[in-house]
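Written out below as structure tokens is the structure these notes cover.
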Number of protein chains: 2
Amino acid sequence: MNYPKGSRKTSNKQQPTNKQPTQFGNRGMTLEKELNETNKFYLETNRAVIHKKPIPIQVVQVDYPKRSAAVIKEAYYQQPSTTDYNGLYRGYYIDFEAKQTNNKTSLPFANIHEHQVKHMKQIDEHGGISFFIIRFKQHNETFLLPIRPFIQVWEKQFEGKRKSIPYEYITKHGYKIPFTLQAKVNYLDIIDLVYFNGGDNNESKRK
Amino acid sequence: MNYPKGSRKTSNKQQPTNKQPTQFGNRGMTLEKELNETNKFYLETNRAVIHKKPIPIQVVQVDYPKRSAAVIKEAYYQQPSTTDYNGLYRGYYIDFEAKQTNNKTSLPFANIHEHQVKHMKQIDEHGGISFFIIRFKQHNETFLLPIRPFIQVWEKQFEGKRKSIPYEYITKHGYKIPFTLQAKVNYLDIIDLVYFNGGDNNESKRK
């Protein structure tokens with residue numbers, strides 16, 4: 001997958017940005033809830049088919065009471081082996097992980113697992129579209145960061161470098177995601193811009 | 001998505017079939033376990049990135065004991081809203097549901113939910129590859145049935161027709177999946193045949 005060089009020239013200033021008055025509806029909702037609503041809207045408008053995967057749970061004990069549903073009595077959360085979201089857009093496989101942080105200056109790697117990053121690299125290598133959606137809660141800003149610039153910083157931690165991505169790096173190599181009333185985290189507009197050259201033709205720049 | 005007309009001429013006899021001697025290793029394994037092993041093999045050999053989604057579980061009560069992991073004390077199985085498996089192969093989005101039956105003459109619709117079929121239709125409409133993997137345990141045969149011929153029979157149930165797909169229909173409109181030692185349910189060979197015209201060139205027939 002190659003990133004279109006041309007679209008990289010697009011600065012954040014030229015992109016649609018959150019306007020202050022519209023942000024009130026945004027407050028208090030978690031990123032996950034907003035993404036679920038956004039994906040539901042995309043599905044209802046037949047734009048894309050993207051779903052959140054269930055949380056992996058290891059079931060240890062189940063009761064089967066008479067005349068009612070099975071009750072799980074003992075179970076444990078498992079580490080997800082892939083990402084939270086995947087699906088299909090414009091014929092392409094889409095795969096992403098969503099992270100939010102209260103940190104103002106960087107996204108810590110603490111909650112990102114190595115096998116998730118490995119999975120996202122595989123998706124990239126096999127021709128899928130793979131990225132992070134990163135929310136800085138204190139800035140009330142949400143970015144789309146493609147897997148490749150993410151990897152650049154991620155791999156340096158194994159050489160003893162920092163275990164986080166600076167906010168400035170994300171603003172430079174990522175794309176601010178616009179907020180709209182119906183698509184709270186309207187990331188497909190960014191996908192159009194970054195991977196499909198603005199979205200007016202059907203040909204991906206990636207091939 | 002259009003099915004290649006040419007490949008439809010391929011009869012089941014011309015396809016690789018299970019040989020009796022190799023089937024012993026096959027016995028007793030569930031279809032799910034075999035598919036998980038197959039997907040693992042595909043991943044390790046870098047052929048495709050396809051995973052089983054976690055089973056959706058609604059968590060009601062969680063205990064947080066000191067110095068140990070959170071324990072889920074009450075939870076319930078939920079109906080999956082999509083399919084069991086999805087992923088990425090040759091740049092295409094792959095989405096399928098696996099079903100096995102002890103019935104010799106048909107696959108009952110009993111365990112297939114309407115929203116799953118709706119999801120698979122959406123995948124087809126958006127340019128993904130969507131299909132069922134169906135095992136007849138008594139015949140020790142496993143078939144790949146694309147979503148379109150499935151839909152043909154599925155929708156007739158709402159006109160009062162039968163609530164199952166006849167075995168003969170599946171042998172005619174589906175493709176018998178070969179068994180290999182490393183890929184127990186080697187369905188990607190069938191995908192190559194049906195959707196990529198045998199797999200020798202990189203261009204999908206679907207476009």
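Letters A, B, ... go to the chains of the structure tokens in the order shown; residues in each chain start at 1; ligands are counted from 1 in the same order.
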- Message: Within 7 Å of chain A, which residues belong to chain B? Use only C-alpha atoms and report them as a ChimeraX atom specification.
- Response: /B:49,53-56,70-76,88,90-93,123,126-128
- Item | All helix (DSSP H, G or I) positions in range 15-143 of chain B, as number ranges by chain | B: 20-26, 31-44, 114-125
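For the atom pair formed by CA of Asn111 in chain A and CA of Gln79 in chain A, the distance is 10.5 Å, given to one decimal.
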- In range 56-95 of chain B, what's strand (DSSP E or B) per DSSP? Answer as a list in words? Ile57, Gln58, Val59, Val60, Gln61, Val62, Asp63, Val71, Ile72, Lys73, Glu74, Ala75, Tyr76, Tyr77, Tyr85, Asn86, Gly87, Leu88, Tyr89, Tyr92, Tyr93, Ile94 and Asp95 of chain B
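One distance worth recording is that between CA of Val194 in chain A and CA of Ser130 in chain B, which is 27.1 Å.
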- Residue with the minimum atom-to-atom distance to Glu114 in chain A, picked from A:Thr171, A:Gln100, A:Thr83, A:Gln138 with only C-alpha atoms counted, is A:Thr83
